[in-house]
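Asker: My questions all concern the structure below.
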Amino acid sequence: MRSIRDLLPLIVGAAVVVVLAVLPLLNLSIPGILPGATYTPGSLALMSLCMVFAALALSYNLMLGTAGLLSFGHALYFGAGAYGLGIVLQAAQLPLVPAVFAALLGGIVIAVVTGAVAMRVSGIPFAMVTLAFAQAGSVLVRRNQAVTGGEEGLSLNTAGVPDWLVGVINTRNLYWVSLAVVVVVYLIVLWVDRSRLGHLAAAARENDLRVRVLGLQPNRAKLIVFVIAGLCASLAGIAYLLLQSGTQPSAVGADLTITVLVMVVLGGVGFRWGAIVGGVVYTILDQRLTVLARADAIHQLPDILRVPLSEPLFILGVLFILVVMFLPGGIAGTVDGWVRRRRGRAVPDTGIAALEQSDTAGVVAR
């Protein structure tokens with residue numbers, strides 16, 4: 001029974017991926033959420049965007065939830081993937097696969113350099129340093145008209161992109177690519193969380209001094225987690241460029257990082273599936289509330305109601321405040337707490353406890 005219970009998350013996850021994979025082949029409608037049936041380009045584009053931001057939220061949750069690193073510049077690596085692929089396709093005229101690897105390599109290099117500098121401080125100073133890097137990247141993107149397209153953004157050069165990934169007619173294929181990106185990012189995050197690296201980063205998040213007393217190097221572990229999170233964000237940026245057939249300077253700005261932070265907090269910090277749910281819920285609300293704000297029923301309301309309801313960010317802000325006040329653990333944290341109370345289970349060992357257990361197991365094995 002215990003082995004079956006341990007395999008249950010894997011079985012459920014595989015079933016969810018299979019269901020999502022066959023959605024483009026079905027004629028399902030979800031009024032109020034999707035603009036049409038699941039096989040239509042509009043619905044596929046919205047679901048693909050949800051998956052891209054779910055992958056980005058997963059990468060941010062790896063930093064914040066696992067290593068406890070509050071970054072205000074995570075969008076820099078998302079933009080590095082998007083702009084990196086676009087620039088390589090435009091300048092080097094490489095095929096898509098080599099261009100993707102080149103963009104990922106660029107994202108890793110940027111993450112290593114900025115992470116190594118930012119790791120010299122911690123807490124709020126760390127967040128401010130990452131914000132400074134993101135703002136510098138945003139300025140470079142906006143002022144480099146010849147390379148990045150400046151304020152108008154960078155269009156996707158389709159010469160090196162396979163025909164089955166270009167155009168509205170191939171939205172279904174782009175949907176499957178976005179789904180594959182989410183699965184890959186999830187597996188990477190899962191591997192890090194369950195590895196000794198993840199235990200060390202979580203232990204440093206709880207008590208950095210105690211980890212140092214044990215003779216370990218928490219800063220190195222945090223830097224590796226930081227770089228892996230940057231790599232995952234770059235992969236999400238690549239999927240975003242292919243899906244949108246271009247990118248804009250907002251993909252590098254600090255506003256996107258704040259948005260991703262809201263996604264993670266909404267879903268539940270420290271929960272992988274919570275980051276996915278937060279990314280999906282926020283993206284759908286952002287898209288559908290924009291449509292609602294343009295509805296005739298909203299414009300006919302008195303000014304005291306029409307003005308706030310016509311601003312999607314206002315509604316999202318109110319929702320975020322309500323979640324923080326009444327669901328401090330986010331969606332996943334609330335559900336997890338309720339399930340544990342129902343089953344009478346304790347919180348599992350994480351951080352220092354898990355690290356010490358893995359160290360003890362290693363000693364016994366040797």
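By order in the structure tokens, chains are A, B, ...; within a chain, residues start at 1; ligands start at 1, following the order shown.
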Could you please write out, as a PyMOL selection string, every residue of stretch 168-345 of chain A that DSSP assigns to alpha helix (DSSP H)?

Answerer: chain A and resi 171-194+196-206+208-213+218-244+254-267+272-293+296-299+303-309+312-326+330-343

Asker: Applying 10 Å and only C-alpha atoms, which residues near A:Pro95 remain after dropping the ones on its own chain fewer than 6 positions away? List them as a list in words.

Answerer: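 Here the answer would be Val88, Leu89, Thr158, Ala159, Gly160, Val161 and Pro162 of chain A.
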
Asker: Go ahead and write the residues just picked, C-alpha atoms, as a short mmCIF file (atom, residue, chain, number, x, y, z; two decimals), in the first residue's frame.

Answerer:
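Dumped everything to part22.cif:
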```cif
data_model
loop_
_atom_site.label_atom_id
_atom_site.label_comp_id
_atom_site.auth_asym_id
_atom_site.auth_seq_id
_atom_site.Cartn_x
_atom_site.Cartn_y
_atom_site.Cartn_z
CA VAL A 88 20.56 33.96 -33.18
CA LEU A 89 17.92 33.08 -35.78
CA THR A 158 11.01 32.01 -39.59
CA ALA A 159 13.73 31.11 -42.10
CA GLY A 160 15.33 28.62 -39.71
CA VAL A 161 12.08 27.49 -38.06
CA PRO A 162 10.34 24.34 -39.39
#
```

Asker: What's the 7 Å shell around stretch 36-51 of chain A, counting only C-alpha atoms, without same-chain residues fewer than 4 positions away, as a compact mmCIF listing (two decimals) with N, CA and C atoms, in the first residue's frame?

Answerer:
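Full text of selection_12.txt as output:
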```txt
# COMPACT_ATOMS: atom_id res chain seq x y z
N LEU A 23 -6.14 17.17 -25.55
CA LEU A 23 -7.12 18.25 -25.59
C LEU A 23 -7.28 18.87 -26.97
N PRO A 24 -6.18 19.12 -27.72
CA PRO A 24 -6.35 19.72 -29.05
C PRO A 24 -7.14 18.85 -30.02
N LEU A 25 -7.30 17.58 -29.71
CA LEU A 25 -8.02 16.67 -30.59
C LEU A 25 -9.50 16.55 -30.21
N LEU A 26 -9.90 17.23 -29.13
CA LEU A 26 -11.26 17.12 -28.63
C LEU A 26 -12.04 18.41 -28.90
N ASN A 27 -13.34 18.27 -28.86
CA ASN A 27 -14.24 19.42 -29.05
C ASN A 27 -14.93 19.72 -27.72
N LEU A 28 -14.15 20.31 -26.80
CA LEU A 28 -14.65 20.66 -25.48
C LEU A 28 -14.71 22.17 -25.34
N SER A 29 -15.74 22.65 -24.67
CA SER A 29 -15.91 24.08 -24.44
C SER A 29 -16.01 24.36 -22.95
N ALA A 55 5.58 27.24 -16.65
CA ALA A 55 7.00 26.85 -16.62
C ALA A 55 7.85 27.94 -16.00
N VAL A 168 -0.75 30.44 -37.64
CA VAL A 168 -1.90 30.10 -36.81
C VAL A 168 -2.36 28.68 -37.07
N THR A 171 -0.97 26.14 -34.59
CA THR A 171 -1.08 26.43 -33.16
C THR A 171 -1.12 25.15 -32.33
N ARG A 172 -1.71 24.09 -32.90
CA ARG A 172 -1.76 22.82 -32.17
C ARG A 172 -0.36 22.29 -31.90
N TYR A 175 1.21 24.27 -29.20
CA TYR A 175 0.64 23.85 -27.92
C TYR A 175 1.39 22.65 -27.37
N SER A 178 4.75 23.73 -26.07
CA SER A 178 4.62 24.38 -24.76
C SER A 178 4.40 23.35 -23.65
N LEU A 179 3.59 22.33 -23.94
CA LEU A 179 3.35 21.27 -22.96
C LEU A 179 4.65 20.53 -22.66
N VAL A 182 6.80 22.57 -20.28
CA VAL A 182 6.35 22.48 -18.88
C VAL A 182 6.81 21.17 -18.26
N GLY A 279 0.37 29.89 -12.12
CA GLY A 279 0.64 30.43 -13.44
C GLY A 279 -0.56 30.35 -14.37
N VAL A 280 -1.26 29.21 -14.33
CA VAL A 280 -2.42 29.01 -15.20
C VAL A 280 -3.56 29.93 -14.79
N THR A 283 -2.77 33.67 -15.58
CA THR A 283 -2.80 33.96 -17.02
C THR A 283 -4.22 34.00 -17.55
```
